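Reviewing the structure listed below.
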Amino acid sequence: MKAVLMRGIGGVEVLHIGEHPDPVPKDDELLVRVRTTALNRADLLQRRGMHPPPKGVPDILGLEMAGEVVGTGPACGDFKVGDRVCALLPGAGYAELAAIPVGMAMRIPENLSFEQAAAIPEVFLTAYQNLFHVARLVPGEVVLVHAAAGGVGTAAIQLIREANAVSLVTAGSREKIESCLILGARAGWNYNGGPFAPWVAGQTGGRGVDIVLDFVGASYFEQNLQSLATDGRMVVIGTMGGAQVEKFSLRALMTKRLQITGAALRSMDVPRKVALTRKFAEFALPRFADGRLVPRVDTVFDWNDVAKAHERMETNANIGKIVLRVTK
Ligand SMILES: NC(=O)c1ccc[n+]([C@@H]2O[C@H](COP(=O)([O-])OP(=O)(O)OC[C@H]3O[C@@H](n4cnc5c(N)ncnc54)[C@H](OP(=O)(O)O)[C@@H]3O)[C@@H](O)[C@H]2O)c1
């Protein structure tokens, strides 16, 4: 098969399309002809040698895909050749073929294109897991979402809305904030206007938020703690603003009874990913089918332009997901 390969590690110039051995599906796996895949920040890190794939996964980028089933193992239930599916992958999504455990396949609702479907797995499953399983979001709570116009943020805003909860968001431009409000955020703060903590205090009458969904890390840590209400929870799932917090008093955790936790999807074992996918599919697929949830696609690139796609993400230009179309 063809796949996007890397001539060593480095900038976008290392990416090129070349030949790679086909994946060999197991009895309980589907072989899928990949029609679309999508970018994630992890791809940029992997390209630079900072986020190696898990053991046994080829060093090909790509954490998700959408496509058509072209082969089914004997333990693949009622899936058949031609079914449209999308799924999370541990890697190797930038390729013509993927083998996926049948339990991780999500049937694509008829109203969604392959371009839209590839924009679902990684960011929606991440937001779903962290909001509902890790942070235990309940109706009426208020969530602060940073980097909210990105892939995970645009998914999180919609899931929070569907949970009858409230999102407050931060992002780096007026246009990005506007997009978040359209998706259902209650209010947004452009961080170029100054620190967000006083704004959060104003929005919540001084109470603070119940949950912070944080991808930024060290540079926001202090303000995140200030912004949490008593019994607040913070989930750290990215460190775009640094991973080292220089000074931190544990006292804040006690006085406000805070919980800080972290999570990562890629390193989860397959049975847990299958369980998460099944729960998410039950919740979300009917909502995608009737339009309550919409994958926010920023741009679609032909995979021959993968370098341009990476540059777009690297310069923080995207609102929602950047999708790659796998062409002949
Ligand atoms: N742990 C997990 O399982 C998991 C899974 C998926 C994603 N993630 C992580 O979640 C994060 C977001 O992913 P994504 O797919 O939403 O990415 P994305 O679509 O590329 O959006 C990221 C946005 O973050 C903002 N940003 C970048 N650097 C920043 C900084 N230093 N401070 C504040 N904002 C910054 C930029 O928007 P502005 O213009 O608003 O600054 C950028 O467009 C990444 O760190 C990713 O690795 C973790």
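FYI, nothing fancy with the structure tokens labels: chains A, B, ... in order, residues from 1 per chain, ligands from 1 as they appear.
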Would you mind listing the residues within 7 Å of ligand 1, counting only C-alpha atoms and all ligand atoms, as a PyMOL selection string?
-> chain A and resi 40-42+122-123+126+146-153+170-173+176+215-216+237-241+263-266+313+316-321
Residues of region 11-153 of chain A classed as helix (DSSP H, G or I) by DSSP on the backbone are to be reported as a PDB file with C-alpha atoms, in the first residue's frame.
```
ATOM      1  CA  VAL A  12       7.407  19.013   7.118  1.00  0.00           C
ATOM      2  CA  GLU A  13      10.038  18.303   4.431  1.00  0.00           C
ATOM      3  CA  VAL A  14      10.549  14.784   5.820  1.00  0.00           C
ATOM      4  CA  ARG A  41      -0.992  17.611  17.478  1.00  0.00           C
ATOM      5  CA  ALA A  42       0.536  14.227  18.311  1.00  0.00           C
ATOM      6  CA  ASP A  43       1.397  13.850  14.595  1.00  0.00           C
ATOM      7  CA  LEU A  44       3.487  17.031  14.694  1.00  0.00           C
ATOM      8  CA  LEU A  45       5.323  15.749  17.778  1.00  0.00           C
ATOM      9  CA  GLN A  46       5.837  12.268  16.275  1.00  0.00           C
ATOM     10  CA  ARG A  47       7.262  13.840  13.106  1.00  0.00           C
ATOM     11  CA  VAL A 102     -13.997  -4.722  15.157  1.00  0.00           C
ATOM     12  CA  GLY A 103     -15.041  -3.338  18.568  1.00  0.00           C
ATOM     13  CA  MET A 104     -13.470  -0.004  17.703  1.00  0.00           C
ATOM     14  CA  PHE A 114     -15.826  10.524   4.881  1.00  0.00           C
ATOM     15  CA  GLU A 115     -14.246  13.972   5.400  1.00  0.00           C
ATOM     16  CA  GLN A 116     -16.586  14.682   8.323  1.00  0.00           C
ATOM     17  CA  ALA A 117     -16.273  11.164   9.752  1.00  0.00           C
ATOM     18  CA  ALA A 118     -12.459  11.327   9.946  1.00  0.00           C
ATOM     19  CA  PRO A 121     -12.707   9.752  16.555  1.00  0.00           C
ATOM     20  CA  GLU A 122      -9.684  11.313  18.248  1.00  0.00           C
ATOM     21  CA  VAL A 123     -11.105  14.631  19.390  1.00  0.00           C
ATOM     22  CA  PHE A 124     -14.631  13.527  20.260  1.00  0.00           C
ATOM     23  CA  LEU A 125     -13.464  10.410  22.131  1.00  0.00           C
ATOM     24  CA  THR A 126     -10.886  12.503  23.997  1.00  0.00           C
ATOM     25  CA  ALA A 127     -13.432  15.132  24.976  1.00  0.00           C
ATOM     26  CA  TYR A 128     -16.053  12.493  25.874  1.00  0.00           C
ATOM     27  CA  GLN A 129     -13.685  10.446  28.031  1.00  0.00           C
ATOM     28  CA  ASN A 130     -12.297  13.421  29.885  1.00  0.00           C
ATOM     29  CA  LEU A 131     -15.538  15.288  30.459  1.00  0.00           C
ATOM     30  CA  PHE A 132     -17.752  12.353  31.422  1.00  0.00           C
ATOM     31  CA  HIS A 133     -15.468   9.606  32.749  1.00  0.00           C
ATOM     32  CA  VAL A 134     -12.500  11.492  34.190  1.00  0.00           C
ATOM     33  CA  GLY A 151     -10.203  19.977  17.348  1.00  0.00           C
ATOM     34  CA  VAL A 152     -10.713  18.826  20.949  1.00  0.00           C
ATOM     35  CA  GLY A 153     -12.179  22.168  22.008  1.00  0.00           C
TER      36      GLY A 153
END
```
Which residues in region 46-283 of chain A does DSSP call strand (DSSP E or B)? List them as a PyMOL selection string.
-> chain A and resi 64-72+84-88+95+97-101+106-107+142-145+166-171+187-190+209-214+228-236+259-262
Identify, on the basis of only C-alpha atoms, every residue whose closest approach to region 160-162 of chain A does not exceed 8 Å; exclude the query and any residue fewer than 2 positions from it along the same chain; express the result as a list in words.
-> Leu131, Val143, Ala156, Ile157, Gln158, Asn164, Ala165, Val166, Ser167, Gly184, Ala185 and Arg292 of chain A
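Counting only C-alpha atoms and comparing A:Gly291, A:Leu31, A:Ile9, A:Asp298, the residue that lies closest to Met50 (chain A) is A:Ile9.
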Write out as a list in words the residues lying within 10 Å of Gly18 (chain A), counting only C-alpha atoms and excluding same-chain residues fewer than 3 positions away.
-> Met1, Lys2, Ala3, Val4, Leu5, Met6, Leu15 and Ala95 of chain A
How about saving the chosen residues, N, CA and C atoms kept, as a PDB file, in the first residue's frame?
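That gives us out.pdb:
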```pdb
ATOM      1  N   MET A   1       0.847  -1.197   0.000  1.00  0.00           N
ATOM      2  CA  MET A   1       0.000   0.000   0.000  1.00  0.00           C
ATOM      3  C   MET A   1       0.878   1.241   0.000  1.00  0.00           C
ATOM      4  N   LYS A   2       0.229   2.380  -0.336  1.00  0.00           N
ATOM      5  CA  LYS A   2       0.937   3.651  -0.197  1.00  0.00           C
ATOM      6  C   LYS A   2       0.632   4.233   1.194  1.00  0.00           C
ATOM      7  N   ALA A   3       1.597   4.996   1.704  1.00  0.00           N
ATOM      8  CA  ALA A   3       1.417   5.641   3.003  1.00  0.00           C
ATOM      9  C   ALA A   3       2.293   6.889   3.036  1.00  0.00           C
ATOM     10  N   VAL A   4       1.952   7.813   3.939  1.00  0.00           N
ATOM     11  CA  VAL A   4       2.845   8.954   4.159  1.00  0.00           C
ATOM     12  C   VAL A   4       3.979   8.458   5.050  1.00  0.00           C
ATOM     13  N   LEU A   5       5.193   8.492   4.533  1.00  0.00           N
ATOM     14  CA  LEU A   5       6.357   8.013   5.276  1.00  0.00           C
ATOM     15  C   LEU A   5       7.230   9.207   5.659  1.00  0.00           C
ATOM     16  N   MET A   6       8.226   8.954   6.519  1.00  0.00           N
ATOM     17  CA  MET A   6       9.114  10.040   6.956  1.00  0.00           C
ATOM     18  C   MET A   6      10.561   9.698   6.624  1.00  0.00           C
ATOM     19  N   LEU A  15       8.206  14.545   5.173  1.00  0.00           N
ATOM     20  CA  LEU A  15       7.013  13.767   4.808  1.00  0.00           C
ATOM     21  C   LEU A  15       6.987  13.491   3.313  1.00  0.00           C
ATOM     22  N   ALA A  95      -2.466   6.235   5.566  1.00  0.00           N
ATOM     23  CA  ALA A  95      -2.140   5.070   4.742  1.00  0.00           C
ATOM     24  C   ALA A  95      -3.374   4.641   3.960  1.00  0.00           C
TER      25      ALA A  95
END
```
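Distance-wise, CA of Val81 (chain A) and CA of Ile322 (chain A) end up 27.6 Å apart.
Atom pair CA of Leu168 (chain A) / CA of Val323 (chain A): separated by 26.5 Å.
Note that the spacing between CA of Gly217 (chain A) and CA of Ala243 (chain A) amounts to 5.9 Å.
Counting only C-alpha atoms and comparing A:Glu141, A:Glu175, A:Glu314, A:Asp22, the residue that lies closest to Ala99 (chain A) is A:Asp22.
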If you count only C-alpha atoms, the residue of A:Ala119, A:Val297, A:Ala38, A:Ile100 closest to Pro25 (chain A) turns out to be A:Ile100
Counting only C-alpha atoms, what is within 10 Å of Asn304 (chain A), bar same-chain residues fewer than 5 positions away, as a PyMOL selection string?
-> chain A and resi 4+15-17+309+324-328
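Closest approach to Gly205 (chain A) among A:Ala275, A:Val294, A:Ala229, A:Ile182: A:Ala229, based on only C-alpha atoms.
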